[in-house]
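Q: Here you go, one structure.
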Amino acid sequence: MQPLTASDLPAFMERFCGFDDGVLRGATVDLRPGVDRCDLHIEAPDRASPSGWSNVTIRVLGVSRVHLDRTGRCVEVLTCGLQMFFVAEEVSVFLDADIYPEVMPDIPENLAYVTGAGIEWQAEFIQGQA
């Protein structure tokens with residue numbers, strides 16, 4: 001896993017096309033003391049992948065909030081991508097991204113987000129079809 005910082009964020013989002021049209025394939029939450037993390041498994045566009053797509057794991061460390069509400073609209077298809085914000089000592093990942101990517105969404109109004117103390121990521125290229 002590679003750490004992600006606020007200064008790395010623009011290049012990260014550029015590489016993965018803002019996660020536009022990505023698909024949330026799964027989420028794993030581990031709240032054991034000393035572990036407390038949430039892994040988001042996303043199939044996403046990837047400018048570095050030969051096929052144009054990768055399986056990306058985004059790991060939020062030191063989780064303080066997790067909310068994945070599937071009762072409303074679909075949160076699995078990331079039609080508008082995702083948003084990340086580094087504010088004070090926290091990082092927030094929003095899966096139902098706003099059409100204004102530079103504005104942090106209102107947390108209570110959001111269907112899917114994870115907030116924590118830090119963030120890491122890794123990507124595995126998806127092989128193209130022969």
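Residue numbering restarts at 1 in every chain; chains get A, B, ... in the order shown in the structure tokens, and ligands count up from 1 in that same order.
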So that I can see what lies close to Gly81 (chain A), please list as a PDB file with all heavy atoms, in the first residue's frame the residues with an atom at most 7 Å from it, counting only C-alpha atoms and leaving out residues fewer than 4 positions away in the same chain.
A:
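Wrote result.pdb, looks like this:
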```pdb
ATOM      1  N   GLY A  18     -10.613  10.619 -11.733  1.00  0.00           N
ATOM      2  CA  GLY A  18     -11.578  11.039 -10.724  1.00  0.00           C
ATOM      3  C   GLY A  18     -12.491   9.916 -10.276  1.00  0.00           C
ATOM      4  O   GLY A  18     -13.478  10.148  -9.603  1.00  0.00           O
ATOM      5  N   PHE A  19     -12.194   8.687 -10.703  1.00  0.00           N
ATOM      6  CA  PHE A  19     -13.008   7.492 -10.433  1.00  0.00           C
ATOM      7  C   PHE A  19     -14.371   7.571 -11.108  1.00  0.00           C
ATOM      8  O   PHE A  19     -15.289   6.831 -10.771  1.00  0.00           O
ATOM      9  CB  PHE A  19     -13.132   7.221  -8.928  1.00  0.00           C
ATOM     10  CG  PHE A  19     -11.836   6.762  -8.324  1.00  0.00           C
ATOM     11  CD1 PHE A  19     -10.858   7.674  -7.942  1.00  0.00           C
ATOM     12  CD2 PHE A  19     -11.571   5.416  -8.175  1.00  0.00           C
ATOM     13  CE1 PHE A  19      -9.648   7.252  -7.414  1.00  0.00           C
ATOM     14  CE2 PHE A  19     -10.361   4.975  -7.645  1.00  0.00           C
ATOM     15  CZ  PHE A  19      -9.399   5.902  -7.260  1.00  0.00           C
ATOM     16  N   ASP A  20     -14.486   8.472 -12.103  1.00  0.00           N
ATOM     17  CA  ASP A  20     -15.744   8.577 -12.859  1.00  0.00           C
ATOM     18  C   ASP A  20     -16.085   7.232 -13.484  1.00  0.00           C
ATOM     19  O   ASP A  20     -15.242   6.607 -14.128  1.00  0.00           O
ATOM     20  CB  ASP A  20     -15.632   9.624 -13.965  1.00  0.00           C
ATOM     21  CG  ASP A  20     -15.595  11.039 -13.421  1.00  0.00           C
ATOM     22  OD1 ASP A  20     -15.846  11.229 -12.217  1.00  0.00           O
ATOM     23  OD2 ASP A  20     -15.297  11.956 -14.201  1.00  0.00           O
ATOM     24  N   ASP A  21     -17.301   6.798 -13.290  1.00  0.00           N
ATOM     25  CA  ASP A  21     -17.828   5.538 -13.810  1.00  0.00           C
ATOM     26  C   ASP A  21     -17.144   4.307 -13.223  1.00  0.00           C
ATOM     27  O   ASP A  21     -17.281   3.206 -13.748  1.00  0.00           O
ATOM     28  CB  ASP A  21     -17.784   5.489 -15.340  1.00  0.00           C
ATOM     29  CG  ASP A  21     -18.683   6.544 -15.953  1.00  0.00           C
ATOM     30  OD1 ASP A  21     -19.766   6.789 -15.378  1.00  0.00           O
ATOM     31  OD2 ASP A  21     -18.315   7.125 -16.985  1.00  0.00           O
ATOM     32  N   GLY A  22     -16.432   4.491 -12.117  1.00  0.00           N
ATOM     33  CA  GLY A  22     -15.883   3.345 -11.400  1.00  0.00           C
ATOM     34  C   GLY A  22     -17.013   2.571 -10.733  1.00  0.00           C
ATOM     35  O   GLY A  22     -18.158   3.023 -10.681  1.00  0.00           O
ATOM     36  N   LEU A  95     -18.236   8.707  -1.752  1.00  0.00           N
ATOM     37  CA  LEU A  95     -18.479   7.829  -2.894  1.00  0.00           C
ATOM     38  C   LEU A  95     -19.643   8.285  -3.756  1.00  0.00           C
ATOM     39  O   LEU A  95     -19.816   7.803  -4.859  1.00  0.00           O
ATOM     40  CB  LEU A  95     -18.718   6.396  -2.406  1.00  0.00           C
ATOM     41  CG  LEU A  95     -17.459   5.793  -1.795  1.00  0.00           C
ATOM     42  CD1 LEU A  95     -17.806   4.817  -0.718  1.00  0.00           C
ATOM     43  CD2 LEU A  95     -16.629   5.164  -2.872  1.00  0.00           C
ATOM     44  N   ALA A  97     -20.106  11.294  -5.114  1.00  0.00           N
ATOM     45  CA  ALA A  97     -19.479  12.598  -5.327  1.00  0.00           C
ATOM     46  C   ALA A  97     -20.452  13.642  -5.852  1.00  0.00           C
ATOM     47  O   ALA A  97     -21.382  13.344  -6.596  1.00  0.00           O
ATOM     48  CB  ALA A  97     -18.306  12.448  -6.290  1.00  0.00           C
TER      49      ALA A  97
END
```
Q: I'd like the interatomic distance between CA of Trp53 (chain A) and CA of Gln127 (chain A), to a tenth of an Å.
A: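 Distance reported for this atom pair: 8.1 Å.
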Q: Using DSSP on the backbone coordinates, identify all residues within region 26-129 of chain A classified as strand (DSSP E); present the result as a ChimeraX atom specification.
A: /A:26-30,37-45,53-61,65-68,77-78,83-87,90-94,112-116,118-125
Q: Return as a list in words the full set of residues in region 7-115 of chain A whose backbone-based DSSP assignment is alpha helix (DSSP H).
A: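 Selection result, alpha helix (DSSP H) within region 7-115 of chain A: Leu9, Pro10, Ala11, Phe12, Met13, Glu14 and Arg15 of chain A.
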Q: Could you dump the residues just selected with C-alpha atoms as a CSV table (one decimal), in the first residue's frame?
A:
```csv
chain,number,residue,atom,x,y,z
A,9,LEU,CA,-4.2,13.9,-4.4
A,10,PRO,CA,-4.3,15.8,-7.7
A,11,ALA,CA,-2.0,13.3,-9.5
A,12,PHE,CA,-3.9,10.4,-7.9
A,13,MET,CA,-7.3,11.6,-9.0
A,14,GLU,CA,-5.9,12.4,-12.5
A,15,ARG,CA,-4.5,8.9,-12.9
```
Q: State, in Å with one decimal place, the distance from CA of Thr79 (chain A) to CA of Leu31 (chain A).
A: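 Distance reported for this atom pair: 28.9 Å.
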